[in-house]
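Below is one structure, written out as structure tokens, with a few remarks after it.
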Amino acid sequence: MMLFVTAALFVVCATALVRRMRIDGLLERALYVAVVALALWLGSTWILALAHILTKTALIVRIVVLLVIAVVALRRVRRMPVEPSLHWIAFLPVAIWIAYVLWRGAVLPPVSHDALSYHLPKATLFSQQNGFVYFPFLNPAIRTLPVNYEMLLTEMILWSGTDELTEWISVLMYLLFVVTTGALVERWWGRTAGSLIAMMCAAGIPVVVLHSGAHKNDMMVATLMAAALVAIGKWITDGGPSLYVAVIAVALAVGTKPQAAILGVVLAPMILWRLRRDAGAIMKLVAVSIVAFFLLGGAVYVANFLHEGSILNAKDVDRENVEIVPYGDWSTLWQGPYVLLAAPFSLDRYALKVPWEAQPWFWRRYEIYFSELGIVFSIAALLSPFAFAWSRTGSSLERRVVTIAALMTFAVMLPVGFKPHGLYTISLPRYALFIVPVVFGWTIGALNGRRGDIALAIAVVLFCATAIVYAKNDAFAPFAYFQWARQNPDTRVVLFDPNRAASVADRAAGPREKIAIDAGFGTWIQPAFGADLHRPVEFIPPGDGPPQIDDDAQYVAVDRAYAVVWGHPDFRDLSQARKYLLRGTPSRRDVRVIEALLRDSRWEVVLYNPRMVQAVFHRRHARL
């Protein structure tokens, strides 16, 4: 509840700041208010976090201050007239879906890999440390990533004392993504039914439906990138402070996921060219950009540079460089667009046929990491070039700049080279979400009148069908699991993998018995903190020697499954998944702790699954 109170107060304050901007569209104004509110929110959170006073008491003081500001601001806010329309009834299914997602989030424990391995563990550690801390003991691939999303999770944990309601942040980002899509269409085509149709289609994109209640930051960064495109488009047409809204949106996005920096690099020369004769405006822009970068998540990159000598890459236990985002897989330039367009038409929920391989690629339709953008998007994307050519307003400078910026950003993002080859490509739908509003803007956005009413009705039906199918089959939170969890209140069991080491240790250990974790990439950490997040957790330092474990640690959990799942040395391409998936060999460091404790009589085995490198040990107590 306090999350929504905080959000509402920041919205009031942002509304007062945005009121002087000349914004005609209801959705566009709502988007600007949301971006400014989020900037005020995260900016204040970062100030508290960097000062190490991010506590519940500080958050309460902030709410009191916001209340005072909001009372003053409300006197100055002019109500924007809202034209009543029966078309808004079409969004009743979306409201029902949101109610279901909120209910499901209150019933189920956190259930996805990223939620359990680093999103929530980072947030929990921040809450325990009263702010941002650099954690050298975390895996290099996750310790250097930006943490705007985790900062919001931290606030939820501080307010509630648990991680039970942290999915609600994703619901807010889901709503904002839908509004952003409508705002772009509204800018391009005015107040027509097209914006509502585009919003409904965006709400029903399969990967968006899955992310609406999941612990992931992809929706957040995509929304902010799309918001920056909307704002830069307005600035190109009307000038004014929209430029700074775009800068803020990009800064927020870069503080959430690093790929957003590509959009900033793409937009920078366009902006500087337009301001080339105004040195004062350029200096002001640079100053705003620097402040926005540092206050809206850029502190992570500074910490990375100070500790690792790089703004993003890290060093492993041998102090060798670890490339966090490997680049240069040029085949993705054409394979990526093919996967985006073809995946929705696949008849297999677990494999995707690709023309360049004899065997299909490993793929999972109902999983948040892969999924797809839907048939509507594929058709719209194929029609977009024709819509551009046929549109009488296709030569609009705003549309051209926004479209070119989106396509350039998308193209530069493509050649990422995750191993095995194809792993990034099938993940592209969630990385490319920011282009959805642009694609819908060129196609769906132009619909109006009777054709618009028919299209809106079809979009509602498609949304309902998608929501039902994906609620039932969600790989991490299927409806059957939700029903079971309702019958087993306060369960901490993760349905798809109930016997991971941290989960077993959580069930075995007392609420205050310390658990030591040997953590690598993908290690589940969050369950070890316990339901109230107060159980002490220790991280065993990496290395080649004997493991260093505190004397008061009662349990040790080892989870090194990632090497087995994806780490086979011959696993080069996803078409080889049937042969090599789940057949990797753990390294000596992966089994170092297990082998040491198996030989140590002070420890007894609670769980040992050598195939998946899962182990839990309990300290033996001397008998009197």
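Chain labels run A, B, ... following the order of the structure tokens; each chain numbers its residues from 1, and ligands are numbered from 1 in the order shown.
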
DSSP helix (DSSP H, G or I) residues within region 453-598 of chain A, listed as an NGL selection string: :A and (453-473 or 479-487 or 501-508 or 526-529 or 561-566 or 574-580 or 588-598)

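CA of Asp218 (chain A) is positioned 6.5 Å from CA of Tyr431 (chain A).
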
Using 12 Å as the limit and counting only C-alpha atoms, can you tabulate each residue of region 15-83 of chain A that touches region 132-154 of chain A, with its shortest atom-to-atom distance in Å and the two atoms involved, as JSON lines?
```
{"residue": "A:Leu38", "atom": "CA", "partner": "A:Leu152", "partner_atom": "CA", "distance": 10.1}
{"residue": "A:Ala39", "atom": "CA", "partner": "A:Asn148", "partner_atom": "CA", "distance": 10.5}
{"residue": "A:Trp41", "atom": "CA", "partner": "A:Leu152", "partner_atom": "CA", "distance": 9.0}
{"residue": "A:Leu42", "atom": "CA", "partner": "A:Asn148", "partner_atom": "CA", "distance": 7.3}
{"residue": "A:Gly43", "atom": "CA", "partner": "A:Asn148", "partner_atom": "CA", "distance": 9.8}
{"residue": "A:Ser44", "atom": "CA", "partner": "A:Met151", "partner_atom": "CA", "distance": 10.8}
{"residue": "A:Thr45", "atom": "CA", "partner": "A:Met151", "partner_atom": "CA", "distance": 7.3}
{"residue": "A:Trp46", "atom": "CA", "partner": "A:Met151", "partner_atom": "CA", "distance": 7.9}
{"residue": "A:Ile47", "atom": "CA", "partner": "A:Phe132", "partner_atom": "CA", "distance": 9.8}
{"residue": "A:Leu48", "atom": "CA", "partner": "A:Phe132", "partner_atom": "CA", "distance": 8.9}
{"residue": "A:Ala49", "atom": "CA", "partner": "A:Phe132", "partner_atom": "CA", "distance": 5.1}
{"residue": "A:Leu50", "atom": "CA", "partner": "A:Phe132", "partner_atom": "CA", "distance": 5.8}
{"residue": "A:Ala51", "atom": "CA", "partner": "A:Phe132", "partner_atom": "CA", "distance": 8.5}
{"residue": "A:His52", "atom": "CA", "partner": "A:Phe132", "partner_atom": "CA", "distance": 7.0}
{"residue": "A:Ile53", "atom": "CA", "partner": "A:Phe132", "partner_atom": "CA", "distance": 9.8}
{"residue": "A:Leu54", "atom": "CA", "partner": "A:Phe132", "partner_atom": "CA", "distance": 8.6}
{"residue": "A:Thr55", "atom": "CA", "partner": "A:Thr154", "partner_atom": "CA", "distance": 9.6}
{"residue": "A:Lys56", "atom": "CA", "partner": "A:Thr154", "partner_atom": "CA", "distance": 10.3}
{"residue": "A:Leu59", "atom": "CA", "partner": "A:Thr154", "partner_atom": "CA", "distance": 11.2}
```

Atoms kept (all heavy atoms) for selection, written as a CSV table (one decimal), in the first residue's frame:
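selection_11.csv written:
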```csv
chain,number,residue,atom,x,y,z
A,38,LEU,N,8.8,9.3,-11.8
A,38,LEU,CA,9.8,8.3,-11.6
A,38,LEU,C,11.1,8.8,-11.3
A,38,LEU,O,11.9,8.3,-10.5
A,38,LEU,CB,9.8,7.3,-12.8
A,38,LEU,CG,10.6,6.0,-12.6
A,38,LEU,CD1,10.1,5.2,-11.4
A,38,LEU,CD2,10.5,5.2,-13.9
A,39,ALA,N,11.5,9.9,-12.0
A,39,ALA,CA,12.8,10.6,-11.8
A,39,ALA,C,12.9,11.1,-10.4
A,39,ALA,O,13.9,11.0,-9.7
A,39,ALA,CB,13.0,11.6,-12.9
A,41,TRP,N,11.2,10.1,-7.8
A,41,TRP,CA,11.2,9.0,-6.9
A,41,TRP,C,12.6,8.4,-6.8
A,41,TRP,O,13.2,8.3,-5.7
A,41,TRP,CB,10.2,8.0,-7.5
A,41,TRP,CG,9.9,6.8,-6.6
A,41,TRP,CD1,10.5,6.5,-5.4
A,41,TRP,CD2,8.8,5.9,-6.7
A,41,TRP,NE1,10.0,5.3,-4.9
A,41,TRP,CE2,8.9,5.0,-5.7
A,41,TRP,CE3,7.9,5.7,-7.7
A,41,TRP,CZ2,8.1,3.9,-5.5
A,41,TRP,CZ3,7.0,4.6,-7.6
A,41,TRP,CH2,7.1,3.7,-6.5
A,42,LEU,N,13.1,8.0,-8.0
A,42,LEU,CA,14.4,7.3,-8.0
A,42,LEU,C,15.5,8.2,-7.6
A,42,LEU,O,16.5,7.8,-6.9
A,42,LEU,CB,14.7,6.6,-9.3
A,42,LEU,CG,14.1,5.2,-9.5
A,42,LEU,CD1,14.2,4.8,-10.9
A,42,LEU,CD2,14.8,4.2,-8.6
A,43,GLY,N,15.4,9.5,-8.0
A,43,GLY,CA,16.5,10.5,-7.6
A,43,GLY,C,16.5,10.6,-6.1
A,43,GLY,O,17.6,10.6,-5.5
A,44,SER,N,15.4,10.7,-5.4
A,44,SER,CA,15.4,10.8,-3.9
A,44,SER,C,15.9,9.5,-3.3
A,44,SER,O,16.6,9.5,-2.3
A,44,SER,CB,14.0,11.2,-3.4
A,44,SER,OG,13.0,10.2,-3.8
A,45,THR,N,15.5,8.4,-3.9
A,45,THR,CA,15.9,7.1,-3.4
A,45,THR,C,17.4,7.0,-3.4
A,45,THR,O,18.1,6.5,-2.5
A,45,THR,CB,15.3,6.0,-4.1
A,45,THR,OG1,13.8,6.1,-4.0
A,45,THR,CG2,15.7,4.6,-3.6
A,46,TRP,N,18.0,7.4,-4.6
A,46,TRP,CA,19.5,7.3,-4.8
A,46,TRP,C,20.2,8.2,-3.8
A,46,TRP,O,21.3,7.8,-3.3
A,46,TRP,CB,19.9,7.6,-6.2
A,46,TRP,CG,19.9,6.4,-7.1
A,46,TRP,CD1,19.0,6.0,-8.0
A,46,TRP,CD2,20.9,5.4,-7.0
A,46,TRP,NE1,19.4,4.8,-8.6
A,46,TRP,CE2,20.6,4.5,-8.0
A,46,TRP,CE3,22.1,5.2,-6.3
A,46,TRP,CZ2,21.4,3.3,-8.3
A,46,TRP,CZ3,22.9,4.1,-6.5
A,46,TRP,CH2,22.5,3.2,-7.5
A,47,ILE,N,19.6,9.4,-3.5
A,47,ILE,CA,20.3,10.3,-2.5
A,47,ILE,C,20.3,9.6,-1.2
A,47,ILE,O,21.4,9.6,-0.5
A,47,ILE,CB,19.5,11.6,-2.5
A,47,ILE,CG1,19.7,12.4,-3.7
A,47,ILE,CG2,20.0,12.4,-1.2
A,47,ILE,CD1,18.9,13.6,-3.8
A,48,LEU,N,19.2,9.0,-0.8
A,48,LEU,CA,19.2,8.2,0.5
A,48,LEU,C,20.2,7.0,0.5
A,48,LEU,O,20.9,6.7,1.5
A,48,LEU,CB,17.8,7.8,0.8
A,48,LEU,CG,16.7,8.9,1.0
A,48,LEU,CD1,15.3,8.2,1.2
A,48,LEU,CD2,17.1,9.7,2.2
A,49,ALA,N,20.2,6.4,-0.7
A,49,ALA,CA,21.0,5.1,-0.8
A,49,ALA,C,22.5,5.5,-0.7
A,49,ALA,O,23.3,4.8,-0.1
A,49,ALA,CB,20.7,4.4,-2.1
A,50,LEU,N,22.9,6.5,-1.4
A,50,LEU,CA,24.3,6.9,-1.4
A,50,LEU,C,24.8,7.4,-0.1
A,50,LEU,O,25.9,7.3,0.3
A,50,LEU,CB,24.6,7.9,-2.6
A,50,LEU,CG,24.4,7.4,-4.0
A,50,LEU,CD1,24.5,8.5,-5.0
A,50,LEU,CD2,25.4,6.3,-4.3
A,51,ALA,N,23.8,8.0,0.6
A,51,ALA,CA,24.1,8.5,2.0
A,51,ALA,C,24.0,7.4,3.1
A,51,ALA,O,24.3,7.7,4.2
A,51,ALA,CB,23.2,9.7,2.3
A,52,HIS,N,23.6,6.2,2.6
A,52,HIS,CA,23.4,5.1,3.5
A,52,HIS,C,22.4,5.4,4.7
A,52,HIS,O,22.6,5.0,5.8
A,52,HIS,CB,24.7,4.6,4.1
A,52,HIS,CG,25.6,3.9,3.1
A,52,HIS,ND1,25.4,2.7,2.7
A,52,HIS,CD2,26.6,4.4,2.4
A,52,HIS,CE1,26.3,2.3,1.8
A,52,HIS,NE2,27.0,3.4,1.5
A,53,ILE,N,21.3,6.1,4.3
A,53,ILE,CA,20.2,6.3,5.2
A,53,ILE,C,18.9,5.9,4.6
A,53,ILE,O,17.8,6.4,4.9
A,53,ILE,CB,20.1,7.8,5.6
A,53,ILE,CG1,20.0,8.7,4.4
A,53,ILE,CG2,21.3,8.2,6.5
A,53,ILE,CD1,19.8,10.2,4.7
A,54,LEU,N,19.0,4.9,3.7
A,54,LEU,CA,17.8,4.3,3.1
A,54,LEU,C,17.2,3.4,4.0
A,54,LEU,O,17.4,2.2,4.0
A,54,LEU,CB,18.1,3.7,1.7
A,54,LEU,CG,17.0,3.1,0.9
A,54,LEU,CD1,16.0,4.2,0.6
A,54,LEU,CD2,17.5,2.4,-0.4
A,55,THR,N,16.3,3.9,4.9
A,55,THR,CA,15.6,3.1,5.9
A,55,THR,C,14.1,3.4,5.9
A,55,THR,O,13.7,4.3,5.2
A,55,THR,CB,16.2,3.4,7.3
A,55,THR,OG1,15.9,4.8,7.6
A,55,THR,CG2,17.7,3.2,7.4
A,56,LYS,N,13.4,2.6,6.6
A,56,LYS,CA,11.9,2.8,6.6
A,56,LYS,C,11.6,4.2,7.3
A,56,LYS,O,10.7,4.9,6.8
A,56,LYS,CB,11.3,1.7,7.4
A,56,LYS,CG,9.7,1.7,7.3
A,56,LYS,CD,9.1,0.5,8.0
A,56,LYS,CE,7.6,0.5,7.9
A,56,LYS,NZ,7.0,-0.7,8.5
A,59,LEU,N,12.1,6.8,4.7
A,59,LEU,CA,11.0,6.8,3.7
A,59,LEU,C,9.8,7.4,4.3
A,59,LEU,O,9.0,8.1,3.6
A,59,LEU,CB,10.7,5.3,3.3
A,59,LEU,CG,11.9,4.6,2.5
A,59,LEU,CD1,11.5,3.2,2.2
A,59,LEU,CD2,12.3,5.4,1.3
```

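In this model, the gap between CA of Pro355 (chain A) and CA of Pro415 (chain A) comes to 18.8 Å.
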
CA of Val300 (chain A) to CA of Gly255 (chain A), straight-line distance in Å: 7.8 Å

Counting only C-alpha atoms, what are the residues of region 283-365 of chain A within 10 Å of region 372-380 of chain A, and for each of them which pair of atoms is the nearest and at what distance in Å, to one decimal? Sort the table by chain and rising number, as a tab-separated table.
```
residue	atom	partner	partner_atom	distance
A:Pro337	CA	A:Ser378	CA	9.9
A:Tyr338	CA	A:Ser378	CA	9.9
A:Val339	CA	A:Glu372	CA	8.7
A:Leu340	CA	A:Glu372	CA	6.9
A:Leu341	CA	A:Ser378	CA	4.8
A:Ala342	CA	A:Ser378	CA	7.5
A:Ala343	CA	A:Glu372	CA	6.1
A:Pro344	CA	A:Gly374	CA	5.0
A:Phe345	CA	A:Ile375	CA	6.9
A:Ser346	CA	A:Glu372	CA	9.9
A:Arg364	CA	A:Glu372	CA	9.3
A:Arg365	CA	A:Glu372	CA	6.8
```

Residues flagged strand (DSSP E or B) by DSSP in region 151-358 of chain A, as a list in words: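 Matching residues, listed in order: Ala314, Lys315, Asn321, Val322, Tyr327, Ala351 and Leu352 of chain A.
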